[in-house]
Amino acid sequence: MNVTKRYPNAPRPAVADVSLEIEPGEFIVLLGPSGCGKTTLLKMVNRIHEVTSGEIYVDGTEIHQLPVEELRRRIGYVIQQAGLFPHMRVKDNVAVVPRLLKWNKSRIQAKVNELLDLVGLPAADYANRYPSQLSGGEQQRVGLARAMAAEPGMMLMDEPFGALDAITRSRLQGEIRSIHEQLNQTIIFVTHDIDEALLLADRIVVMRDGQVVQFASPLEVVTEPADDFVAELVGSHDTMRRLSLLPVVRALRPLPVGGLNGEVQIGENAVLRDALTHLVETGAPRLLVTDDANKSLGIVTLQSVQEAASRDSRS
Amino acid sequence: MNLDYLFSHKALVWELTIEHFQLALTALLIAIPIALVAGIIAVRFRPTTLPIFTFASFLYTIPSLALLAFLIPTQGIGRRPAIIMLVIYAQMFLVQNIVTGLRGVDASALEAARGLGMRPLQLFFRVWLPLALPVMIAGVRSALVALIGLAAIAGWIAAGGLGELMFTGIGSNNPSKVLAGVVAVTLLAICCDIVLRGVEMLTPAARAARAAR
């Protein structure tokens, strides 16, 4: 997939000369303050907003080559207020796009049940409820199931968790991540919540005034912010944030010459924050870092963690 | 003043009630499509809303005798001018509720419908109309009740209905006959109100709203 957009517009373009290329299956987060153009950019992909100029390619097809309804049926769409149809039961909400596509009944029903299970709302309990009988989090899960019903290769999500309480939000964040790992759709996700962006994204598009300031992995955005705006936005100066993104191997020291002495082990995929937590909790002077095959790679100490964290700090 | 006339002329009163109901219903069925077109125009093109509302209200303020006086020279007397008059009066109730109903639909549901790939007509018939329906039916209910009351004047121009009892009753100084007409009109209006309330509750949107309680 390959996305290029230009959107000039007086007095200043909402989205100005943005060019992005997104790999299939990537989880992309559009991040920025309100009014930065992230939602406009998202909604140009399914033509809720039209581009002023430029092209957008989805799976190699320019989106204006398709009838607009056909395009939208191929792209899942989730919005902040869920936007469920209040007069339809949960199962009918989820079945909307399959019905537009004229799937047969048994296929629709199987899909609805499968999706309700996937989003954690067992069909037996939930299929016949109306949206007004659901909590905000449950409504958003139905919104998610509805968007995925026609098995789109791509999902657009506009601050889907913005209206939810913190506990529900973090649970849904975990679930969308695991759903993404299972189904591997391309996801474009808009948020102004930095932690949400860092948690979910494979790559983050940081936007400001309709332009892309940085397009990079969460780690890179935090440790190598493109400019002061990005550094401030993502809290690059926040040590805990860096610790929770930097992999433990950054603080790796060679195995001690004197051999090991029953050190606490930590996996190489852990982040520095995990290492720090273990060091503080156990009071051990060092941790042994091992790979998936349980092979010893080296050690980390309080000092090496501290050096790794400060080496990457920039101001 | 007593109900003697009503009880001694049951068959006649019943016949006139049916006639009266037909008059109001015919006018309503003609008025609804007109109001739908006006209402949808008002919703789609915002600047037209105020003029359309104002015009419908203006029509409603014309006194019925004056309106008939305008209609009789071209339409004569009988059912035709009566129905035209009722169609005109119904507009205010219908247009306002159609517009309120359509505007009241949650914008996020409409955006979702668009984003999921509904065509404009699919969006209208599957989402927009069903959600606006309870308010629209409430408008139809008010209109029908008002038309049943207003249709009494039709008796004055030989259009039939219960107005005939009232006008001939006044002419022959027979209060019991007038009362029979009044009672029948009132009962008819109440019955129509109850039936349409029932219809309102059967709409999917109203059913969903009840389920939440």
# chains A, B, ... in the order shown; residues from 1 in each chain; ligands from 1

$ residues_around --residues "A:Arg241" --least-positions-apart "3" --cutoff "12 Å" --atoms "only C-alpha atoms" --output "list in words"
Ile194, Asp195, Leu198, Leu199, Pro218, Leu219, Val221, Val222, Thr223, Ala231, Val234, Gly235, Ser236, His237, Asp238, Ser244, Leu245, Leu246, Val271, Leu272, Arg273, Ala309, Asp312 and Ser313 of chain A

$ interface_residues --of "chain B" --to "chain A" --cutoff "10 Å" --atoms "only C-alpha atoms" --output "VMD selection string"
chain B and resid 105 to 120 122 126 to 128 130 to 131 203 to 213

$ residues_around --residues "B:Thr61" --least-positions-apart "5" --cutoff "10 Å" --atoms "only C-alpha atoms" --output "PyMOL selection string"
chain B and resi 55-56+67+89+92

$ write_last_selection --atoms "N, CA, C and O atoms" --output "compact mmCIF listing (two decimals), in the first residue's frame"
# COMPACT_ATOMS: atom_id res chain seq x y z
N PHE B 55 -43.82 29.47 6.25
CA PHE B 55 -44.91 29.35 5.32
C PHE B 55 -45.97 28.36 5.83
O PHE B 55 -47.18 28.65 5.78
N ALA B 56 -45.51 27.23 6.36
CA ALA B 56 -46.45 26.23 6.87
C ALA B 56 -47.26 26.80 8.04
O ALA B 56 -48.47 26.58 8.14
N LEU B 67 -60.38 30.58 4.36
CA LEU B 67 -59.75 29.69 3.39
C LEU B 67 -60.80 29.10 2.45
O LEU B 67 -60.61 29.04 1.23
N TYR B 89 -53.75 22.64 6.07
CA TYR B 89 -53.56 22.76 7.51
C TYR B 89 -52.62 21.69 8.08
O TYR B 89 -51.93 21.92 9.06
N MET B 92 -48.29 22.14 8.67
CA MET B 92 -47.52 22.65 9.79
C MET B 92 -47.09 21.51 10.73
O MET B 92 -45.94 21.39 11.11

$ select_by_dssp --residues "chain B" --states "alpha helix (DSSP H)" --output "PyMOL selection string"
chain B and resi 4-8+10-44+49-61+64-75+79-103+107-115+120-123+129-150+163-171+175-202+204-211

$ residues_around --residues "A:Asp165" --least-positions-apart "5" --cutoff "10 Å" --atoms "only C-alpha atoms" --output "list in words"
Gly136, Gly137 and Ser170 of chain A

$ select_by_dssp --residues "stretch 72-223 of chain A" --states "strand (DSSP E or B)" --output "PyMOL selection string"
chain A and resi 75-78+154-158+186-191+203-208+211-216

$ residues_around --residues "B:Arg80" --least-positions-apart "5" --cutoff "10 Å" --atoms "only C-alpha atoms" --output "list in words"
Leu23, Ala27, Leu71, Ile72, Gln75, Met85, Ala154 and Ala159 of chain B

$ residues_around --residues "A:His180" --least-positions-apart "2" --cutoff "12 Å" --atoms "only C-alpha atoms" --output "PyMOL selection string"
chain A and resi 24-28+118-119+144+148+153-155+172-178+182-189+200-202

$ residues_around --residues "A:Thr277" --least-positions-apart "3" --cutoff "12 Å" --atoms "only C-alpha atoms" --output "VMD selection string"
chain A and resid 240 243 to 244 248 264 266 270 to 274 280 to 284 286 to 287 301 to 302 305

$ write_last_selection --atoms "N, CA and C atoms" --output "PDB file, in the first residue's frame"
ATOM      1  N   MET A 240      11.179   7.840  32.724  1.00  0.00           N
ATOM      2  CA  MET A 240      10.407   6.594  32.806  1.00  0.00           C
ATOM      3  C   MET A 240       9.907   6.175  31.431  1.00  0.00           C
ATOM      4  N   LEU A 243      12.726   4.630  29.624  1.00  0.00           N
ATOM      5  CA  LEU A 243      13.012   3.313  30.193  1.00  0.00           C
ATOM      6  C   LEU A 243      12.001   2.280  29.722  1.00  0.00           C
ATOM      7  N   SER A 244      10.753   2.720  29.537  1.00  0.00           N
ATOM      8  CA  SER A 244       9.762   1.712  29.145  1.00  0.00           C
ATOM      9  C   SER A 244       9.792   1.414  27.650  1.00  0.00           C
ATOM     10  N   VAL A 248      16.266  -3.882  26.824  1.00  0.00           N
ATOM     11  CA  VAL A 248      17.227  -4.142  27.889  1.00  0.00           C
ATOM     12  C   VAL A 248      18.646  -4.304  27.345  1.00  0.00           C
ATOM     13  N   VAL A 264      19.345 -13.367  38.972  1.00  0.00           N
ATOM     14  CA  VAL A 264      17.981 -13.327  38.451  1.00  0.00           C
ATOM     15  C   VAL A 264      18.072 -13.140  36.944  1.00  0.00           C
ATOM     16  N   ILE A 266      16.539 -12.273  33.043  1.00  0.00           N
ATOM     17  CA  ILE A 266      15.562 -11.423  32.361  1.00  0.00           C
ATOM     18  C   ILE A 266      15.690 -11.649  30.863  1.00  0.00           C
ATOM     19  N   ALA A 270      12.805  -7.842  27.068  1.00  0.00           N
ATOM     20  CA  ALA A 270      12.309  -6.923  28.096  1.00  0.00           C
ATOM     21  C   ALA A 270      12.830  -5.515  27.821  1.00  0.00           C
ATOM     22  N   VAL A 271      12.183  -4.544  28.481  1.00  0.00           N
ATOM     23  CA  VAL A 271      12.662  -3.163  28.349  1.00  0.00           C
ATOM     24  C   VAL A 271      13.394  -2.782  29.637  1.00  0.00           C
ATOM     25  N   LEU A 272      14.079  -1.646  29.593  1.00  0.00           N
ATOM     26  CA  LEU A 272      14.880  -1.229  30.734  1.00  0.00           C
ATOM     27  C   LEU A 272      14.052  -1.082  32.003  1.00  0.00           C
ATOM     28  N   ARG A 273      12.772  -0.685  31.813  1.00  0.00           N
ATOM     29  CA  ARG A 273      11.958  -0.496  33.004  1.00  0.00           C
ATOM     30  C   ARG A 273      11.767  -1.809  33.759  1.00  0.00           C
ATOM     31  N   ASP A 274      11.603  -2.908  32.982  1.00  0.00           N
ATOM     32  CA  ASP A 274      11.474  -4.221  33.625  1.00  0.00           C
ATOM     33  C   ASP A 274      12.739  -4.540  34.415  1.00  0.00           C
ATOM     34  N   VAL A 280      15.493  -3.245  41.577  1.00  0.00           N
ATOM     35  CA  VAL A 280      15.060  -2.579  42.800  1.00  0.00           C
ATOM     36  C   VAL A 280      14.351  -3.561  43.736  1.00  0.00           C
ATOM     37  N   GLU A 281      13.477  -4.395  43.123  1.00  0.00           N
ATOM     38  CA  GLU A 281      12.685  -5.294  43.963  1.00  0.00           C
ATOM     39  C   GLU A 281      13.525  -6.373  44.636  1.00  0.00           C
ATOM     40  N   THR A 282      14.494  -6.921  43.885  1.00  0.00           N
ATOM     41  CA  THR A 282      15.268  -8.034  44.440  1.00  0.00           C
ATOM     42  C   THR A 282      16.486  -7.536  45.210  1.00  0.00           C
ATOM     43  N   GLY A 283      16.892  -6.322  44.947  1.00  0.00           N
ATOM     44  CA  GLY A 283      18.093  -5.800  45.591  1.00  0.00           C
ATOM     45  C   GLY A 283      19.365  -6.421  45.037  1.00  0.00           C
ATOM     46  N   ALA A 284      19.222  -7.226  43.954  1.00  0.00           N
ATOM     47  CA  ALA A 284      20.392  -7.877  43.367  1.00  0.00           C
ATOM     48  C   ALA A 284      21.288  -6.828  42.700  1.00  0.00           C
ATOM     49  N   ARG A 286      22.991  -7.276  39.992  1.00  0.00           N
ATOM     50  CA  ARG A 286      22.948  -7.402  38.532  1.00  0.00           C
ATOM     51  C   ARG A 286      21.946  -8.460  38.106  1.00  0.00           C
ATOM     52  N   LEU A 287      21.516  -8.354  36.830  1.00  0.00           N
ATOM     53  CA  LEU A 287      20.593  -9.334  36.266  1.00  0.00           C
ATOM     54  C   LEU A 287      21.267 -10.006  35.082  1.00  0.00           C
ATOM     55  N   THR A 301      23.295  -3.928  35.116  1.00  0.00           N
ATOM     56  CA  THR A 301      23.393  -3.471  36.498  1.00  0.00           C
ATOM     57  C   THR A 301      22.668  -2.135  36.601  1.00  0.00           C
ATOM     58  N   LEU A 302      22.458  -1.699  37.830  1.00  0.00           N
ATOM     59  CA  LEU A 302      21.834  -0.386  38.022  1.00  0.00           C
ATOM     60  C   LEU A 302      22.582   0.685  37.243  1.00  0.00           C
ATOM     61  N   VAL A 305      22.003   0.471  33.458  1.00  0.00           N
ATOM     62  CA  VAL A 305      20.664   0.965  33.108  1.00  0.00           C
ATOM     63  C   VAL A 305      20.686   2.484  33.103  1.00  0.00           C
TER      64      VAL A 305
END

$ closest_residue --among "B:Thr54, B:Gly155, B:Ala132, B:Ile83" --to "B:Glu200" --atoms "only C-alpha atoms"
B:Ala132

$ atom_distance --atom1 "atom CA of A:Gln65" --atom2 "atom CA of A:Ala149"
23.5 Å

$ atom_distance --atom1 "atom CA of A:Gly267" --atom2 "atom CA of A:Asp291"
5.8 Å
